[in-house]
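Chemist: File start08.cif below, mmCIF, C-alpha atoms:
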```cif
data_input
#
loop_
_atom_site.group_PDB
_atom_site.id
_atom_site.type_symbol
_atom_site.label_atom_id
_atom_site.label_comp_id
_atom_site.auth_asym_id
_atom_site.auth_seq_id
_atom_site.Cartn_x
_atom_site.Cartn_y
_atom_site.Cartn_z
ATOM 1 C CA MET V 469 28.914 -18.632 -91.869
ATOM 2 C CA LEU V 470 32.656 -18.014 -91.760
ATOM 3 C CA ARG V 471 33.696 -15.107 -89.563
ATOM 4 C CA LEU V 472 37.274 -13.894 -89.305
ATOM 5 C CA LYS V 473 38.366 -12.609 -85.894
ATOM 6 C CA SER V 474 39.911 -9.252 -85.089
ATOM 7 C CA LYS V 475 43.112 -8.969 -83.054
ATOM 8 C CA GLU V 476 41.003 -8.014 -80.021
ATOM 9 C CA GLU V 477 38.788 -11.071 -80.443
ATOM 10 C CA ILE V 478 41.826 -13.328 -80.805
ATOM 11 C CA ALA V 479 43.227 -11.855 -77.579
ATOM 12 C CA ARG V 480 39.966 -12.689 -75.801
ATOM 13 C CA ILE V 481 40.013 -16.256 -77.130
ATOM 14 C CA ARG V 482 43.578 -16.487 -75.834
ATOM 15 C CA ASN V 483 42.315 -15.510 -72.358
ATOM 16 C CA ALA V 484 39.842 -18.404 -72.474
ATOM 17 C CA GLY V 485 42.600 -20.615 -73.845
ATOM 18 C CA ARG V 486 44.867 -19.934 -70.875
ATOM 19 C CA ILE V 487 42.165 -21.289 -68.583
ATOM 20 C CA VAL V 488 41.891 -24.431 -70.715
ATOM 21 C CA ALA V 489 45.667 -24.832 -70.578
ATOM 22 C CA GLN V 490 45.629 -24.482 -66.793
ATOM 23 C CA VAL V 491 43.041 -27.258 -66.554
ATOM 24 C CA LEU V 492 45.020 -29.620 -68.778
ATOM 25 C CA GLU V 493 48.223 -28.888 -66.857
ATOM 26 C CA ALA V 494 46.518 -29.664 -63.533
ATOM 27 C CA LEU V 495 44.728 -32.783 -64.767
ATOM 28 C CA GLY V 496 47.888 -34.147 -66.353
ATOM 29 C CA GLN V 497 49.518 -34.048 -62.926
ATOM 30 C CA MET V 498 46.481 -35.671 -61.300
ATOM 31 C CA VAL V 499 46.078 -38.665 -63.604
ATOM 32 C CA ARG V 500 47.009 -41.879 -61.793
ATOM 33 C CA PRO V 501 45.644 -45.367 -61.122
ATOM 34 C CA GLY V 502 42.692 -45.353 -58.717
ATOM 35 C CA LEU V 503 41.372 -41.934 -59.703
ATOM 36 C CA SER V 504 37.911 -41.748 -61.251
ATOM 37 C CA THR V 505 37.072 -39.692 -64.310
ATOM 38 C CA LEU V 506 34.498 -37.897 -62.167
ATOM 39 C CA ASP V 507 37.364 -36.766 -59.906
ATOM 40 C CA LEU V 508 39.044 -35.235 -62.945
ATOM 41 C CA ASP V 509 35.793 -33.618 -64.028
ATOM 42 C CA ALA V 510 35.235 -32.011 -60.616
ATOM 43 C CA ALA V 511 38.775 -30.627 -60.553
ATOM 44 C CA ALA V 512 38.401 -29.208 -64.063
ATOM 45 C CA GLU V 513 35.096 -27.511 -63.303
ATOM 46 C CA SER V 514 36.515 -26.013 -60.121
ATOM 47 C CA ILE V 515 39.481 -24.470 -61.971
ATOM 48 C CA ILE V 516 37.264 -23.125 -64.758
ATOM 49 C CA ARG V 517 34.725 -21.540 -62.426
ATOM 50 C CA ARG V 518 37.354 -20.103 -60.083
ATOM 51 C CA ALA V 519 38.784 -18.288 -63.103
ATOM 52 C CA GLY V 520 35.392 -16.694 -63.733
ATOM 53 C CA ALA V 521 34.650 -18.861 -66.763
ATOM 54 C CA LEU V 522 32.067 -21.514 -67.604
ATOM 55 C CA PRO V 523 32.717 -25.087 -68.815
ATOM 56 C CA SER V 524 31.867 -25.034 -72.529
ATOM 57 C CA PHE V 525 30.808 -28.680 -72.652
ATOM 58 C CA LYS V 526 28.428 -28.867 -69.688
ATOM 59 C CA GLY V 527 24.859 -29.039 -70.981
ATOM 60 C CA TYR V 528 26.013 -28.885 -74.611
ATOM 61 C CA GLY V 529 24.133 -30.750 -77.332
ATOM 62 C CA GLU V 530 21.272 -33.228 -77.300
ATOM 63 C CA PRO V 531 21.077 -35.097 -75.050
ATOM 64 C CA PRO V 532 22.843 -32.445 -72.921
ATOM 65 C CA PHE V 533 26.408 -33.488 -72.110
ATOM 66 C CA PRO V 534 26.602 -33.971 -68.320
ATOM 67 C CA GLY V 535 30.298 -33.300 -67.757
ATOM 68 C CA SER V 536 32.679 -30.358 -67.810
ATOM 69 C CA ILE V 537 35.278 -32.473 -69.626
ATOM 70 C CA CYS V 538 35.223 -35.399 -72.004
ATOM 71 C CA ALA V 539 37.231 -38.261 -70.488
ATOM 72 C CA SER V 540 37.880 -41.106 -72.939
ATOM 73 C CA ILE V 541 39.788 -44.224 -71.900
ATOM 74 C CA ASP V 542 41.773 -46.569 -74.184
ATOM 75 C CA GLU V 543 39.489 -47.510 -77.128
ATOM 76 C CA GLU V 544 37.222 -44.517 -76.500
ATOM 77 C CA VAL V 545 38.041 -41.928 -79.151
ATOM 78 C CA VAL V 546 36.169 -38.896 -77.777
ATOM 79 C CA HIS V 547 33.153 -37.744 -75.724
ATOM 80 C CA GLY V 548 33.587 -40.164 -72.822
ATOM 81 C CA ILE V 549 31.230 -39.171 -69.998
ATOM 82 C CA PRO V 550 32.893 -38.657 -66.590
ATOM 83 C CA SER V 551 31.714 -41.151 -63.986
ATOM 84 C CA ALA V 552 32.572 -42.267 -60.461
ATOM 85 C CA GLN V 553 32.466 -45.834 -61.821
ATOM 86 C CA ARG V 554 35.191 -45.151 -64.406
ATOM 87 C CA VAL V 555 38.291 -45.701 -62.265
ATOM 88 C CA LEU V 556 41.675 -45.431 -63.972
ATOM 89 C CA ARG V 557 43.933 -48.485 -64.070
ATOM 90 C CA GLU V 558 47.665 -48.862 -64.553
ATOM 91 C CA GLY V 559 48.601 -49.088 -68.228
ATOM 92 C CA GLN V 560 45.567 -47.279 -69.634
ATOM 93 C CA ILE V 561 45.597 -44.048 -71.606
ATOM 94 C CA ILE V 562 43.000 -41.311 -71.165
ATOM 95 C CA SER V 563 42.221 -38.415 -73.456
ATOM 96 C CA VAL V 564 40.872 -35.323 -71.718
ATOM 97 C CA ASP V 565 39.051 -32.701 -73.797
ATOM 98 C CA VAL V 566 38.351 -29.320 -72.159
ATOM 99 C CA GLY V 567 36.483 -26.193 -73.214
ATOM 100 C CA ALA V 568 36.118 -22.875 -71.379
ATOM 101 C CA TYR V 569 33.794 -19.950 -72.105
ATOM 102 C CA PHE V 570 35.186 -16.659 -70.847
ATOM 103 C CA GLU V 571 34.017 -13.103 -71.521
ATOM 104 C CA GLY V 572 32.036 -14.125 -74.584
ATOM 105 C CA PHE V 573 34.478 -16.517 -76.242
ATOM 106 C CA HIS V 574 35.273 -20.235 -76.194
ATOM 107 C CA ALA V 575 38.593 -22.093 -76.348
ATOM 108 C CA ASP V 576 39.029 -25.847 -76.683
ATOM 109 C CA ALA V 577 41.953 -28.278 -76.315
ATOM 110 C CA ALA V 578 42.680 -31.936 -75.573
ATOM 111 C CA ARG V 579 45.566 -34.113 -74.446
ATOM 112 C CA THR V 580 46.088 -37.857 -74.037
ATOM 113 C CA PHE V 581 47.770 -38.941 -70.802
ATOM 114 C CA ALA V 582 49.392 -42.177 -69.667
ATOM 115 C CA VAL V 583 47.959 -43.790 -66.522
ATOM 116 C CA GLY V 584 51.088 -44.960 -64.730
ATOM 117 C CA THR V 585 53.382 -46.989 -66.997
ATOM 118 C CA ILE V 586 52.044 -47.759 -70.479
ATOM 119 C CA ASP V 587 53.331 -50.081 -73.174
ATOM 120 C CA ALA V 588 55.444 -48.926 -76.110
ATOM 121 C CA ALA V 589 52.579 -49.163 -78.617
ATOM 122 C CA LYS V 590 50.392 -46.755 -76.649
ATOM 123 C CA ALA V 591 53.294 -44.395 -75.998
ATOM 124 C CA LYS V 592 54.085 -44.256 -79.724
ATOM 125 C CA LEU V 593 50.425 -43.634 -80.556
ATOM 126 C CA ILE V 594 50.321 -40.614 -78.226
ATOM 127 C CA GLU V 595 53.594 -39.306 -79.663
ATOM 128 C CA VAL V 596 52.520 -39.610 -83.288
ATOM 129 C CA THR V 597 49.081 -38.114 -82.637
ATOM 130 C CA GLU V 598 50.714 -34.985 -81.220
ATOM 131 C CA ALA V 599 53.212 -34.935 -84.102
ATOM 132 C CA SER V 600 50.333 -35.058 -86.592
ATOM 133 C CA PHE V 601 48.863 -31.936 -84.989
ATOM 134 C CA TRP V 602 52.147 -30.047 -85.355
ATOM 135 C CA ALA V 603 52.546 -31.210 -88.960
ATOM 136 C CA GLY V 604 49.144 -29.703 -89.742
ATOM 137 C CA PHE V 605 49.887 -26.579 -87.710
ATOM 138 C CA ALA V 606 53.007 -25.907 -89.813
ATOM 139 C CA LYS V 607 50.780 -25.680 -92.900
ATOM 140 C CA ALA V 608 48.348 -23.204 -91.278
ATOM 141 C CA VAL V 609 49.715 -20.130 -93.024
ATOM 142 C CA VAL V 610 48.019 -17.401 -95.017
ATOM 143 C CA GLY V 611 47.653 -18.400 -98.664
ATOM 144 C CA ASN V 612 47.659 -22.157 -98.084
ATOM 145 C CA ARG V 613 44.463 -24.175 -98.300
ATOM 146 C CA MET V 614 42.549 -26.139 -95.679
ATOM 147 C CA GLY V 615 43.485 -29.366 -97.447
ATOM 148 C CA ASP V 616 47.162 -28.628 -96.863
ATOM 149 C CA ILE V 617 46.569 -28.809 -93.100
ATOM 150 C CA SER V 618 44.388 -31.912 -93.334
ATOM 151 C CA ALA V 619 46.752 -33.774 -95.657
ATOM 152 C CA ALA V 620 49.717 -33.147 -93.338
ATOM 153 C CA VAL V 621 47.815 -34.578 -90.356
ATOM 154 C CA GLN V 622 46.747 -37.635 -92.329
ATOM 155 C CA ALA V 623 50.174 -38.311 -93.834
ATOM 156 C CA THR V 624 51.934 -38.146 -90.467
ATOM 157 C CA ALA V 625 49.537 -40.563 -88.772
ATOM 158 C CA GLU V 626 49.149 -42.993 -91.662
ATOM 159 C CA ALA V 627 52.931 -43.216 -92.155
ATOM 160 C CA HIS V 628 52.913 -45.238 -88.927
ATOM 161 C CA GLY V 629 50.039 -47.470 -90.023
ATOM 162 C CA TYR V 630 47.450 -45.778 -87.816
ATOM 163 C CA GLY V 631 43.805 -45.138 -88.630
ATOM 164 C CA VAL V 632 42.713 -41.489 -88.850
ATOM 165 C CA VAL V 633 39.112 -40.904 -87.789
ATOM 166 C CA ARG V 634 37.149 -39.232 -90.599
ATOM 167 C CA GLU V 635 33.639 -38.851 -89.207
ATOM 168 C CA LEU V 636 34.777 -36.277 -86.625
ATOM 169 C CA THR V 637 36.610 -33.051 -87.433
ATOM 170 C CA GLY V 638 38.189 -29.991 -85.973
ATOM 171 C CA HIS V 639 36.248 -26.757 -86.279
ATOM 172 C CA GLY V 640 36.141 -23.014 -86.192
ATOM 173 C CA ILE V 641 35.679 -21.537 -82.735
ATOM 174 C CA GLY V 642 34.918 -18.173 -81.164
ATOM 175 C CA ARG V 643 31.648 -16.848 -79.815
ATOM 176 C CA LYS V 644 30.295 -20.356 -80.375
ATOM 177 C CA LEU V 645 32.055 -23.589 -79.439
ATOM 178 C CA HIS V 646 31.625 -24.988 -82.945
ATOM 179 C CA GLU V 647 31.710 -22.571 -85.867
ATOM 180 C CA ASP V 648 32.466 -22.833 -89.570
ATOM 181 C CA PRO V 649 34.613 -24.155 -91.108
ATOM 182 C CA ASP V 650 35.070 -27.867 -90.427
ATOM 183 C CA LEU V 651 38.709 -28.978 -90.325
ATOM 184 C CA PRO V 652 39.049 -32.652 -91.318
ATOM 185 C CA ASN V 653 42.054 -34.735 -90.273
ATOM 186 C CA TYR V 654 42.388 -36.092 -93.803
ATOM 187 C CA GLY V 655 42.453 -34.408 -97.184
ATOM 188 C CA HIS V 656 44.368 -33.413 -100.294
ATOM 189 C CA VAL V 657 47.056 -30.793 -100.753
ATOM 190 C CA GLY V 658 45.855 -27.728 -102.663
ATOM 191 C CA ARG V 659 42.146 -28.277 -101.996
ATOM 192 C CA GLY V 660 39.650 -26.561 -99.745
ATOM 193 C CA MET V 661 39.184 -22.956 -98.712
ATOM 194 C CA ARG V 662 42.061 -20.486 -98.842
ATOM 195 C CA LEU V 663 43.469 -19.675 -95.391
ATOM 196 C CA GLU V 664 43.191 -16.057 -94.257
ATOM 197 C CA ALA V 665 44.484 -14.053 -91.319
ATOM 198 C CA GLY V 666 41.890 -13.937 -88.543
ATOM 199 C CA LEU V 667 40.737 -17.530 -88.964
ATOM 200 C CA VAL V 668 40.590 -19.264 -85.568
ATOM 201 C CA LEU V 669 40.445 -23.058 -85.544
ATOM 202 C CA ALA V 670 40.440 -25.952 -83.116
ATOM 203 C CA MET V 671 42.439 -28.724 -84.783
ATOM 204 C CA GLU V 672 42.110 -32.136 -83.154
ATOM 205 C CA PRO V 673 43.662 -35.248 -84.680
ATOM 206 C CA MET V 674 41.953 -38.432 -83.445
ATOM 207 C CA VAL V 675 44.235 -41.331 -84.290
ATOM 208 C CA ASN V 676 43.580 -45.041 -83.755
ATOM 209 C CA LEU V 677 46.115 -47.811 -83.242
ATOM 210 C CA GLY V 678 44.042 -50.013 -85.565
ATOM 211 C CA THR V 679 41.210 -49.294 -87.978
ATOM 212 C CA ARG V 680 39.882 -45.768 -88.486
ATOM 213 C CA ASN V 681 36.309 -47.069 -88.076
ATOM 214 C CA ILE V 682 34.274 -45.999 -85.067
ATOM 215 C CA VAL V 683 31.024 -46.812 -83.241
ATOM 216 C CA ILE V 684 28.727 -44.717 -81.037
ATOM 217 C CA ARG V 685 27.832 -46.259 -77.697
ATOM 218 C CA GLU V 686 24.353 -46.448 -76.205
ATOM 219 C CA ASP V 687 24.802 -43.324 -74.069
ATOM 220 C CA GLY V 688 24.563 -41.306 -77.303
ATOM 221 C CA TRP V 689 27.904 -39.565 -76.706
ATOM 222 C CA THR V 690 30.852 -41.927 -76.294
ATOM 223 C CA ILE V 691 32.587 -42.778 -79.559
ATOM 224 C CA ALA V 692 34.923 -45.784 -79.616
ATOM 225 C CA THR V 693 37.057 -47.676 -82.111
ATOM 226 C CA SER V 694 35.172 -50.509 -83.786
ATOM 227 C CA ASP V 695 38.077 -52.947 -83.226
ATOM 228 C CA ARG V 696 38.562 -51.876 -79.564
ATOM 229 C CA GLN V 697 42.143 -50.812 -80.210
ATOM 230 C CA PRO V 698 43.354 -47.693 -78.345
ATOM 231 C CA SER V 699 42.863 -44.179 -79.680
ATOM 232 C CA ALA V 700 44.661 -40.901 -78.905
ATOM 233 C CA HIS V 701 43.498 -37.288 -79.219
ATOM 234 C CA TYR V 702 45.481 -34.035 -79.341
ATOM 235 C CA GLU V 703 43.917 -30.599 -79.809
ATOM 236 C CA ASN V 704 44.691 -26.907 -79.588
ATOM 237 C CA THR V 705 42.839 -23.748 -80.513
ATOM 238 C CA PHE V 706 44.986 -21.525 -82.725
ATOM 239 C CA ALA V 707 44.767 -18.385 -84.855
ATOM 240 C CA ILE V 708 46.096 -17.852 -88.362
ATOM 241 C CA THR V 709 47.868 -14.488 -88.513
ATOM 242 C CA ALA V 710 49.945 -12.618 -91.071
ATOM 243 C CA GLU V 711 53.019 -13.607 -89.041
ATOM 244 C CA GLY V 712 52.080 -17.294 -88.906
ATOM 245 C CA PRO V 713 49.862 -19.551 -86.774
ATOM 246 C CA VAL V 714 49.647 -18.868 -83.030
ATOM 247 C CA ILE V 715 48.543 -21.332 -80.330
ATOM 248 C CA LEU V 716 45.849 -19.821 -78.083
ATOM 249 C CA THR V 717 45.482 -22.694 -75.599
ATOM 250 C CA ALA V 718 48.835 -22.261 -73.874
ATOM 251 C CA LEU V 719 49.948 -21.066 -70.442
#
```
Hey, can you dump this file as structure tokens for me?

Modeler:
Amino acid sequence: MLRLKSKEEIARIRNAGRIVAQVLEALGQMVRPGLSTLDLDAAAESIIRRAGALPSFKGYGEPPFPGSICASIDEEVVHGIPSAQRVLREGQIISVDVGAYFEGFHADAARTFAVGTIDAAKAKLIEVTEASFWAGFAKAVVGNRMGDISAAVQATAEAHGYGVVRELTGHGIGRKLHEDPDLPNYGHVGRGMRLEAGLVLAMEPMVNLGTRNIVIREDGWTIATSDRQPSAHYENTFAITAEGPVILTAL
């Protein structure tokens, strides 16, 4: 069921979002060759709990997700499980997805980081994935339709020949981590639900260097590209207001 948020509720989601932003800022500075994804997970959980919040992802779903972050390397699209055995290497990219639950509300965001020096193809993929988010964000205004957001994301990514993952979507967010409506990263202008003030969404383009097709690994969580080409992920939680869209996962 779709539930629009009041200004007070949006302010509380913003408080959770600041914690998420703090985690991503800290982890972005930590990422380097030789660090394990479990090291990143421990740092993230420490920051979240010190702020008086809970990690949204830990214990979520079935089977329960074991980490406080999703840490996905190179061809892993999303939901990579943190592990002491996953040690970062020079030239890789890693997407880090973080959620925090604070005073009754969730916020959710993701970034893709370079591990040391990366090649031009990976750097461009990260750049375009972020650009596709902002293209969609610009369409998130009252009176537009959901398809306007989705089509802008898709057009930006596909203009560079990249594959846009379709099986996974952004989502509403608030008292629950995943709420209605779904927000696909592909679509058609002028279609879908009408956008209203008070709608809070987590938009998260997942863009692949090669094919858009994906596979689920045996752990039941990790999703990877079927052609093993790299993938990037960029996400923010934001609110649609009468004055325009507002990012809630920012410092």

Chemist: Measure the distance from CA of Phe525 in chain V to CA of His574 in chain V in Å and round it to one decimal.

Modeler: 10.2 Å

Chemist: So, with all atoms listed in the file as the atoms that count, which of V:Gly712, V:Gly496, V:Pro698, V:Pro550 lies closest to Phe581 in chain V?

Modeler: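 The closest residue to Phe581 in chain V is V:Gly496.
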
Chemist: List every protein, DNA or RNA residue with an atom no more than 8 Å from (38.0, -23.9, -101.1) in the file's coordinates, counting only C-alpha atoms, and format the result as number ranges by chain.

Modeler: V: 613-614, 659-662

Chemist: Per residue of range 535-555 of chain V within 12 Å of range 674-689 of chain V, note the shortest atom pair and the distance in Å to one decimal, counting all atoms listed in the file, and order the rows by chain and increasing residue number, as CSV.

Modeler:
```
residue,atom,partner,partner_atom,distance
V:Gly535,CA,V:Trp689,CA,11.2
V:Cys538,CA,V:Trp689,CA,9.6
V:Ala539,CA,V:Trp689,CA,11.3
V:Ser540,CA,V:Trp689,CA,10.8
V:Asp542,CA,V:Asn676,CA,9.9
V:Glu543,CA,V:Asn676,CA,8.2
V:Glu544,CA,V:Ile682,CA,9.2
V:Val545,CA,V:Met674,CA,6.8
V:Val546,CA,V:Met674,CA,8.1
V:His547,CA,V:Trp689,CA,5.6
V:Gly548,CA,V:Trp689,CA,6.9
V:Ile549,CA,V:Trp689,CA,7.5
V:Pro550,CA,V:Trp689,CA,11.3
```

Chemist: Excluding Thr637 in chain V and its own-chain neighbours fewer than 5 positions away, which residues fall within 8 Å of it when counting only C-alpha atoms? Please give them as a VMD selection string.

Modeler: chain V and resid 650 to 653 671 to 673

Chemist: Write out, as CSV, each residue of range 669-712 of chain V that has an atom at most 12 Å from range 600-612 of chain V, together with the closest pair of atoms and their distance in Å to one decimal, counting all atoms listed in the file, rows going by chain and rising number.

Modeler:
```
residue,atom,partner,partner_atom,distance
V:Leu669,CA,V:Ala608,CA,9.8
V:Ala670,CA,V:Phe601,CA,10.5
V:Met671,CA,V:Phe601,CA,7.2
V:Glu672,CA,V:Phe601,CA,7.0
V:Pro673,CA,V:Phe601,CA,6.2
V:Met674,CA,V:Ser600,CA,9.6
V:Val675,CA,V:Ser600,CA,9.0
V:Ala700,CA,V:Ser600,CA,11.2
V:His701,CA,V:Phe601,CA,9.5
V:Tyr702,CA,V:Phe601,CA,6.9
V:Glu703,CA,V:Phe601,CA,7.3
V:Asn704,CA,V:Phe601,CA,8.5
V:Thr705,CA,V:Phe605,CA,10.5
V:Phe706,CA,V:Phe605,CA,8.6
V:Ala707,CA,V:Ala608,CA,8.8
V:Ile708,CA,V:Val609,CA,6.3
V:Thr709,CA,V:Val610,CA,7.1
V:Ala710,CA,V:Val610,CA,6.5
V:Glu711,CA,V:Val609,CA,8.3
V:Gly712,CA,V:Val609,CA,5.5
```

Chemist: Just to confirm, what's the straight-line distance from CA of Leu470 in chain V to CA of Arg482 in chain V in Å (one decimal)?

Modeler: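 If I compute the distance from CA of Leu470 in chain V to CA of Arg482 in chain V, I get 19.4 Å.
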
Chemist: So that I can see what lies close to range 569-573 of chain V, please list as a list in words the residues with an atom at most 6 Å from it, counting only C-alpha atoms and leaving out residues fewer than 3 positions away in the same chain.

Modeler: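 Listing them by chain and then by number gives Ile481, Ala484, Ala521, Leu522, Ser524, Gly642 and Arg643 of chain V.
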
Chemist: Evaluating the PyMOL selection byres ((chain V and resi 656) around 6) on the displayed file yields which residues, as a list in words?

Modeler: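 For this structure, the PyMOL selection byres ((chain V and resi 656) around 6) resolves to Gly615, Ala619, Gly655, Val657 and Arg659 of chain V.
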
Chemist: If the PyMOL selection byres ((chain V and resi 536) around 7) is run on the structure shown, which residues does it catch, given as a ChimeraX atom specification?

Modeler: /V:509,512-513,523,525-526,535,537

Chemist: Got time to write the residues from that selection, C-alpha atoms, as a short mmCIF file (atom, residue, chain, number, x, y, z; two decimals), in the frame of the given file?

Modeler:
```
data_model
loop_
_atom_site.label_atom_id
_atom_site.label_comp_id
_atom_site.auth_asym_id
_atom_site.auth_seq_id
_atom_site.Cartn_x
_atom_site.Cartn_y
_atom_site.Cartn_z
CA ASP V 509 35.79 -33.62 -64.03
CA ALA V 512 38.40 -29.21 -64.06
CA GLU V 513 35.10 -27.51 -63.30
CA PRO V 523 32.72 -25.09 -68.82
CA PHE V 525 30.81 -28.68 -72.65
CA LYS V 526 28.43 -28.87 -69.69
CA GLY V 535 30.30 -33.30 -67.76
CA ILE V 537 35.28 -32.47 -69.63
#
```

Chemist: Between CA of Arg579 in chain V and CA of Asp616 in chain V, what is the distance, to one decimal in Å?

Modeler: 23.1 Å

Chemist: Just so the selection is clear, what residues does the PyMOL selection byres ((chain V and resi 506) around 7) cover here, as a ChimeraX atom specification?

Modeler: /V:504-505,507-510,550-552

Chemist: Residues as selected, C-alpha atoms, written as a CSV table (one decimal), in the coordinates of the input, can you do that?

Modeler:
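To be explicit, this is the file written out as out.csv:
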```
chain,number,residue,atom,x,y,z
V,504,SER,CA,37.9,-41.7,-61.3
V,505,THR,CA,37.1,-39.7,-64.3
V,507,ASP,CA,37.4,-36.8,-59.9
V,508,LEU,CA,39.0,-35.2,-62.9
V,509,ASP,CA,35.8,-33.6,-64.0
V,510,ALA,CA,35.2,-32.0,-60.6
V,550,PRO,CA,32.9,-38.7,-66.6
V,551,SER,CA,31.7,-41.2,-64.0
V,552,ALA,CA,32.6,-42.3,-60.5
```

Chemist: With distances taken over only C-alpha atoms, which residue among V:Thr624, V:Ser563, V:Thr597, V:Gln697 lies nearest Ala577 in chain V?

Modeler: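 Closest candidate: V:Ser563.
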
Chemist: Within 6 Å of range 555-558 of chain V, counting all atoms listed in the file, which residues qualify if same-chain residues fewer than 5 places away don't, as a PDB file with C-alpha atoms, keeping the file's coordinate frame?

Modeler:
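Wrote it out as result28.pdb, contents follow:
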```pdb
ATOM      1  CA  PRO V 501      45.644 -45.367 -61.122  1.00  0.00           C
ATOM      2  CA  GLY V 502      42.692 -45.353 -58.717  1.00  0.00           C
ATOM      3  CA  LEU V 503      41.372 -41.934 -59.703  1.00  0.00           C
ATOM      4  CA  SER V 504      37.911 -41.748 -61.251  1.00  0.00           C
ATOM      5  CA  VAL V 583      47.959 -43.790 -66.522  1.00  0.00           C
ATOM      6  CA  GLY V 584      51.088 -44.960 -64.730  1.00  0.00           C
TER       7      GLY V 584
END
```

Chemist: Kindly indicate which residue among V:Leu495, V:Ala599, V:Val668, V:Ala692 lies nearest to Ala620 in chain V, using all atoms listed in the file for the distances.

Modeler: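 Of V:Leu495, V:Ala599, V:Val668, V:Ala692, the one nearest Ala620 in chain V is V:Ala599, counting all atoms listed in the file.
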
Chemist: Of the candidates V:Arg500, V:Leu667, V:Ala718, V:Ile691, which one gets nearest to Glu477 in chain V if we count all atoms listed in the file?

Modeler: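 Selected residue with least distance to Glu477 in chain V: V:Leu667.
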